[in-house]
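*Asks:* Following this message is one structure expressed as C-alpha cells.
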Amino acid sequence: MATQARSIASLTISFGLVAIPVKLYSATVSSERISFNMLRQNDASRVKQQYIAVNDGKVVERSEMVKGYEFAKDQYVMFSAEELKALEDTTSHSIDIGQFVPLESVDPVYFDGTYYLAPDKGGAKPYTLLATALRKAHQCAVGRWISRGKEHIVVIRPIDDGLAMHQLHFQAEVRSLKDLGIEPAQVSDPELKLAQQLIDHLAAKRFDANEYADEHRARVQAAIQKKVEGKEVSLAEAPVSAGGGNVIDLMEALRASIDARGSKAADLKDRKAPKRAAAPKASRKSARR
C-alpha cells in the first residue's frame, strides 16, 4: 500500500493511553471513473461555466460572490469566507475512539465514505494488535474525526490483514423509512415458502465482488475506443421492460423463478460433468446376473 498509493493524511488512532500512528488512504480509485467534458459541438471547444445574477442577468465573477442562507422566501443572510472559516472545527490529526460495538449493529445506510488505514513509522505492532483484537472480538471501533473543518463519526474495522475506516452520516442526515408511509401487505404461508425456496436457490456463502463486472463501463470504453479510431458507434435500441404494466400472479412468478433457476443449475452441472463412454450391453447384462 505505502509504495503503490499516496496517503491522504497522517493520523493517530487513540483510545485510552494507546496511540497508533497511521496513514490514511482512499479505498476507491477515482481514476477508474469515466468522465466527459462539455464541448461546443461544431468545433469541440471546451466551454466554461458562468454564474448569472437573477436580478439583472449579468455575469458575476467569483471575486464578487459571498455565501448566503435563505431563512425565508427570497430572504438571505450573507456570510463572508472569514466568517464561515471561524465557524469550522479545527482539523484534527487524531481519531478518538469512544466505544467498541459489533459491526452488524451499524446499519449500512449510515456508511458514507471508505478509507484504508496503514501503520505509520513505529506503529506496526500496535496496529496489528488492534486489528487482531477487533477480529477476535468480532467488534469494530467507533470514534470521531475532524477533517476539512467538519466533524465525522467513523467506524474502524479489521479487513484482511489491516484496518478499514468508514465515515458515517450523522443521525440527522439519514431520512427515516417511516417518511415513505409504507404499509405492509398480507403474505400467505405458501407464498412465503416459495420465496424462501428461491432465496435458498440463490444463496451463497458470502458476497464476492469479482462475480460482478461493470458492464456499463465496458460499453462506454468500447464506444470511446471506436470513436478514437474514427469508427461509427451503433445506437442499440433501449431494452424493453418485461413488466409491461401487467399484474403477474405472485405464486406463478415464484414457481417460474425456481424452475428457471433449477434448470439453469442442472444445465451447468451437465456441462461441467465429464462425459463417460457408454458401457457395452453385454457387460450390463452380466452385471444384472
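Letters A, B, ... mark the chains of the C-alpha cells in the order given; residue numbers begin at 1 per chain; ligand numbers begin at 1, in order shown.
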List every residue of range 35-271 of chain A that DSSP, applied to the backbone of this structure, places in strand (DSSP E), and write the result as a count of residues only.

*Replies:* 57

*Asks:* Need to verify the contact set: Met65 in chain A, 10 Å, only C-alpha atoms, exclusion of same-chain residues closer than 3 positions in sequence. Can you return it as a JSON list (two decimals) with C-alpha atoms, in the first residue's frame?

*Replies:*
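Saved result, around.json, follows:
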```
[["chain", "number", "residue", "atom", "x", "y", "z"],
["A", 51, "TYR", "CA", -22.72, 32.43, -12.87],
["A", 60, "VAL", "CA", -20.91, 37.51, -11.74],
["A", 61, "GLU", "CA", -17.20, 36.87, -11.13],
["A", 62, "ARG", "CA", -16.14, 34.63, -8.26],
["A", 68, "GLY", "CA", -25.89, 33.19, 1.89],
["A", 80, "SER", "CA", -18.01, 36.14, 4.27],
["A", 81, "ALA", "CA", -15.33, 33.50, 3.77]]
```

*Asks:* According to DSSP computed on the backbone, where in range 33-138 of chain A is there alpha helix (DSSP H)? Give the residues as a PyMOL selection string.

*Replies:* chain A and resi 81-87+124-137

*Asks:* Since we have the selection now, will you write its residues out, keeping N, CA, C and O atoms, as a PDB file, in the first residue's frame?

*Replies:*
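Full text of selection.pdb as output:
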```pdb
ATOM      1  N   ALA A  81     -16.178  34.684   3.653  1.00  0.00           N
ATOM      2  CA  ALA A  81     -15.332  33.500   3.772  1.00  0.00           C
ATOM      3  C   ALA A  81     -14.697  33.430   5.153  1.00  0.00           C
ATOM      4  O   ALA A  81     -14.541  32.349   5.733  1.00  0.00           O
ATOM      5  N   GLU A  82     -14.322  34.590   5.705  1.00  0.00           N
ATOM      6  CA  GLU A  82     -13.699  34.629   7.022  1.00  0.00           C
ATOM      7  C   GLU A  82     -14.687  34.203   8.110  1.00  0.00           C
ATOM      8  O   GLU A  82     -14.311  33.488   9.050  1.00  0.00           O
ATOM      9  N   GLU A  83     -15.936  34.618   8.001  1.00  0.00           N
ATOM     10  CA  GLU A  83     -16.949  34.239   8.989  1.00  0.00           C
ATOM     11  C   GLU A  83     -17.220  32.733   8.958  1.00  0.00           C
ATOM     12  O   GLU A  83     -17.365  32.088  10.012  1.00  0.00           O
ATOM     13  N   LEU A  84     -17.280  32.177   7.774  1.00  0.00           N
ATOM     14  CA  LEU A  84     -17.517  30.734   7.652  1.00  0.00           C
ATOM     15  C   LEU A  84     -16.317  29.942   8.168  1.00  0.00           C
ATOM     16  O   LEU A  84     -16.481  28.887   8.789  1.00  0.00           O
ATOM     17  N   LYS A  85     -15.112  30.457   7.905  1.00  0.00           N
ATOM     18  CA  LYS A  85     -13.899  29.792   8.380  1.00  0.00           C
ATOM     19  C   LYS A  85     -13.882  29.737   9.901  1.00  0.00           C
ATOM     20  O   LYS A  85     -13.464  28.735  10.501  1.00  0.00           O
ATOM     21  N   ALA A  86     -14.346  30.804  10.545  1.00  0.00           N
ATOM     22  CA  ALA A  86     -14.355  30.867  12.006  1.00  0.00           C
ATOM     23  C   ALA A  86     -15.329  29.863  12.607  1.00  0.00           C
ATOM     24  O   ALA A  86     -15.169  29.453  13.767  1.00  0.00           O
ATOM     25  N   LEU A  87     -16.334  29.452  11.837  1.00  0.00           N
ATOM     26  CA  LEU A  87     -17.318  28.502  12.332  1.00  0.00           C
ATOM     27  C   LEU A  87     -16.851  27.056  12.214  1.00  0.00           C
ATOM     28  O   LEU A  87     -17.444  26.159  12.821  1.00  0.00           O
ATOM     29  N   ALA A 124       3.584  -0.325  13.658  1.00  0.00           N
ATOM     30  CA  ALA A 124       3.265  -1.658  13.139  1.00  0.00           C
ATOM     31  C   ALA A 124       2.700  -2.590  14.207  1.00  0.00           C
ATOM     32  O   ALA A 124       1.673  -3.251  13.999  1.00  0.00           O
ATOM     33  N   LYS A 125       3.337  -2.644  15.369  1.00  0.00           N
ATOM     34  CA  LYS A 125       2.902  -3.592  16.403  1.00  0.00           C
ATOM     35  C   LYS A 125       1.546  -3.213  16.999  1.00  0.00           C
ATOM     36  O   LYS A 125       0.634  -4.056  17.053  1.00  0.00           O
ATOM     37  N   PRO A 126       1.337  -1.978  17.460  1.00  0.00           N
ATOM     38  CA  PRO A 126       0.006  -1.649  18.000  1.00  0.00           C
ATOM     39  C   PRO A 126      -1.088  -1.707  16.939  1.00  0.00           C
ATOM     40  O   PRO A 126      -2.232  -2.041  17.242  1.00  0.00           O
ATOM     41  N   TYR A 127      -0.744  -1.412  15.684  1.00  0.00           N
ATOM     42  CA  TYR A 127      -1.700  -1.516  14.577  1.00  0.00           C
ATOM     43  C   TYR A 127      -2.162  -2.963  14.419  1.00  0.00           C
ATOM     44  O   TYR A 127      -3.358  -3.245  14.350  1.00  0.00           O
ATOM     45  N   THR A 128      -1.201  -3.884  14.360  1.00  0.00           N
ATOM     46  CA  THR A 128      -1.526  -5.305  14.217  1.00  0.00           C
ATOM     47  C   THR A 128      -2.285  -5.810  15.428  1.00  0.00           C
ATOM     48  O   THR A 128      -3.213  -6.615  15.307  1.00  0.00           O
ATOM     49  N   LEU A 129      -1.909  -5.330  16.600  1.00  0.00           N
ATOM     50  CA  LEU A 129      -2.583  -5.735  17.834  1.00  0.00           C
ATOM     51  C   LEU A 129      -4.050  -5.313  17.804  1.00  0.00           C
ATOM     52  O   LEU A 129      -4.942  -6.108  18.145  1.00  0.00           O
ATOM     53  N   LEU A 130      -4.331  -4.080  17.384  1.00  0.00           N
ATOM     54  CA  LEU A 130      -5.706  -3.606  17.321  1.00  0.00           C
ATOM     55  C   LEU A 130      -6.507  -4.393  16.294  1.00  0.00           C
ATOM     56  O   LEU A 130      -7.641  -4.817  16.567  1.00  0.00           O
ATOM     57  N   ALA A 131      -5.936  -4.612  15.112  1.00  0.00           N
ATOM     58  CA  ALA A 131      -6.643  -5.354  14.061  1.00  0.00           C
ATOM     59  C   ALA A 131      -6.951  -6.775  14.514  1.00  0.00           C
ATOM     60  O   ALA A 131      -8.064  -7.279  14.307  1.00  0.00           O
ATOM     61  N   THR A 132      -5.995  -7.423  15.156  1.00  0.00           N
ATOM     62  CA  THR A 132      -6.186  -8.798  15.622  1.00  0.00           C
ATOM     63  C   THR A 132      -7.221  -8.866  16.737  1.00  0.00           C
ATOM     64  O   THR A 132      -8.097  -9.741  16.749  1.00  0.00           O
ATOM     65  N   ALA A 133      -7.142  -7.923  17.675  1.00  0.00           N
ATOM     66  CA  ALA A 133      -8.086  -7.910  18.797  1.00  0.00           C
ATOM     67  C   ALA A 133      -9.513  -7.665  18.309  1.00  0.00           C
ATOM     68  O   ALA A 133     -10.464  -8.310  18.777  1.00  0.00           O
ATOM     69  N   LEU A 134      -9.686  -6.738  17.358  1.00  0.00           N
ATOM     70  CA  LEU A 134     -11.024  -6.467  16.814  1.00  0.00           C
ATOM     71  C   LEU A 134     -11.572  -7.687  16.086  1.00  0.00           C
ATOM     72  O   LEU A 134     -12.762  -8.019  16.201  1.00  0.00           O
ATOM     73  N   ARG A 135     -10.702  -8.364  15.358  1.00  0.00           N
ATOM     74  CA  ARG A 135     -11.139  -9.537  14.599  1.00  0.00           C
ATOM     75  C   ARG A 135     -11.577 -10.651  15.545  1.00  0.00           C
ATOM     76  O   ARG A 135     -12.610 -11.287  15.333  1.00  0.00           O
ATOM     77  N   LYS A 136     -10.808 -10.918  16.582  1.00  0.00           N
ATOM     78  CA  LYS A 136     -11.140 -11.983  17.527  1.00  0.00           C
ATOM     79  C   LYS A 136     -12.382 -11.646  18.349  1.00  0.00           C
ATOM     80  O   LYS A 136     -13.158 -12.525  18.719  1.00  0.00           O
ATOM     81  N   ALA A 137     -12.588 -10.368  18.645  1.00  0.00           N
ATOM     82  CA  ALA A 137     -13.736  -9.949  19.451  1.00  0.00           C
ATOM     83  C   ALA A 137     -14.985  -9.724  18.605  1.00  0.00           C
ATOM     84  O   ALA A 137     -16.071  -9.497  19.153  1.00  0.00           O
TER      85      ALA A 137
END
```

*Asks:* I want to know what sits within 10 Å of range 117-121 of chain A, based on only C-alpha atoms, with residues of the same chain fewer than 4 positions away left out; could you give that as an NGL selection string?

*Replies:* :A and (1-2 or 7 or 9-13 or 20-27 or 125-128 or 156-158 or 162-165)

*Asks:* Can you write just those residues out, N, CA, C and O atoms, as a short mmCIF file (atom, residue, chain, number, x, y, z; two decimals), in the first residue's frame?

*Replies:*
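Listing of again_10.cif after writing:
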```
data_model
loop_
_atom_site.label_atom_id
_atom_site.label_comp_id
_atom_site.auth_asym_id
_atom_site.auth_seq_id
_atom_site.Cartn_x
_atom_site.Cartn_y
_atom_site.Cartn_z
N MET A 1 0.84 -1.20 0.00
CA MET A 1 0.00 0.00 0.00
C MET A 1 0.87 1.24 0.00
O MET A 1 0.71 2.14 -0.79
N ALA A 2 1.86 1.30 0.92
CA ALA A 2 2.66 2.51 1.07
C ALA A 2 3.47 2.82 -0.17
O ALA A 2 3.79 3.96 -0.44
N SER A 7 -0.66 8.56 0.39
CA SER A 7 -1.51 8.74 1.56
C SER A 7 -2.17 10.12 1.53
O SER A 7 -1.61 11.09 1.02
N ALA A 9 -3.44 11.55 4.48
CA ALA A 9 -3.09 12.24 5.72
C ALA A 9 -2.39 11.29 6.66
O ALA A 9 -2.47 10.07 6.53
N SER A 10 -1.67 11.86 7.63
CA SER A 10 -1.08 11.10 8.72
C SER A 10 -1.92 11.36 9.97
O SER A 10 -2.14 12.51 10.35
N LEU A 11 -2.41 10.29 10.59
CA LEU A 11 -3.30 10.41 11.73
C LEU A 11 -2.81 9.55 12.88
O LEU A 11 -1.86 8.78 12.74
N THR A 12 -3.50 9.68 14.00
CA THR A 12 -3.21 8.86 15.17
C THR A 12 -4.52 8.32 15.72
O THR A 12 -5.44 9.07 16.01
N ILE A 13 -4.61 6.99 15.81
CA ILE A 13 -5.75 6.36 16.44
C ILE A 13 -5.48 6.33 17.94
O ILE A 13 -4.45 5.78 18.38
N ILE A 20 -1.82 5.00 18.12
CA ILE A 20 -1.30 4.26 16.96
C ILE A 20 -1.15 5.20 15.78
O ILE A 20 -2.14 5.69 15.24
N PRO A 21 0.08 5.49 15.36
CA PRO A 21 0.27 6.34 14.18
C PRO A 21 -0.09 5.59 12.90
O PRO A 21 0.36 4.46 12.69
N VAL A 22 -0.93 6.19 12.07
CA VAL A 22 -1.36 5.54 10.84
C VAL A 22 -1.35 6.53 9.69
O VAL A 22 -1.31 7.75 9.90
N LYS A 23 -1.38 6.00 8.49
CA LYS A 23 -1.54 6.80 7.29
C LYS A 23 -2.89 6.47 6.67
O LYS A 23 -3.31 5.32 6.67
N LEU A 24 -3.55 7.50 6.15
CA LEU A 24 -4.89 7.36 5.59
C LEU A 24 -4.82 7.29 4.07
O LEU A 24 -4.14 8.10 3.43
N TYR A 25 -5.52 6.31 3.48
CA TYR A 25 -5.56 6.14 2.03
C TYR A 25 -7.01 6.02 1.57
O TYR A 25 -7.86 5.48 2.29
N SER A 26 -7.28 6.51 0.40
CA SER A 26 -8.61 6.33 -0.18
C SER A 26 -8.77 4.87 -0.57
O SER A 26 -7.85 4.25 -1.11
N ALA A 27 -9.95 4.30 -0.30
CA ALA A 27 -10.20 2.89 -0.64
C ALA A 27 -10.69 2.72 -2.06
O ALA A 27 -10.75 1.61 -2.57
N LYS A 125 3.34 -2.64 15.37
CA LYS A 125 2.90 -3.59 16.40
C LYS A 125 1.55 -3.21 17.00
O LYS A 125 0.63 -4.06 17.05
N PRO A 126 1.34 -1.98 17.46
CA PRO A 126 0.01 -1.65 18.00
C PRO A 126 -1.09 -1.71 16.94
O PRO A 126 -2.23 -2.04 17.24
N TYR A 127 -0.74 -1.41 15.68
CA TYR A 127 -1.70 -1.52 14.58
C TYR A 127 -2.16 -2.96 14.42
O TYR A 127 -3.36 -3.25 14.35
N THR A 128 -1.20 -3.88 14.36
CA THR A 128 -1.53 -5.31 14.22
C THR A 128 -2.29 -5.81 15.43
O THR A 128 -3.21 -6.62 15.31
N ILE A 156 -13.97 1.92 12.56
CA ILE A 156 -12.73 1.24 12.15
C ILE A 156 -12.93 -0.25 12.35
O ILE A 156 -13.30 -0.69 13.44
N ARG A 157 -12.71 -1.01 11.29
CA ARG A 157 -12.93 -2.46 11.37
C ARG A 157 -11.77 -3.21 10.73
O ARG A 157 -11.07 -2.68 9.85
N PRO A 158 -11.55 -4.46 11.15
CA PRO A 158 -10.49 -5.26 10.54
C PRO A 158 -10.91 -5.73 9.15
O PRO A 158 -12.07 -6.06 8.92
N GLY A 162 -5.41 -5.87 7.66
CA GLY A 162 -5.30 -4.46 8.02
C GLY A 162 -6.58 -3.91 8.60
O GLY A 162 -7.43 -4.63 9.13
N LEU A 163 -6.73 -2.58 8.47
CA LEU A 163 -7.88 -1.87 9.01
C LEU A 163 -8.52 -0.99 7.94
O LEU A 163 -7.81 -0.38 7.14
N ALA A 164 -9.83 -0.94 7.94
CA ALA A 164 -10.58 -0.04 7.07
C ALA A 164 -11.34 0.94 7.95
O ALA A 164 -11.77 0.60 9.06
N MET A 165 -11.53 2.15 7.45
CA MET A 165 -12.28 3.16 8.18
C MET A 165 -13.45 3.63 7.34
O MET A 165 -13.27 4.03 6.19
#
```
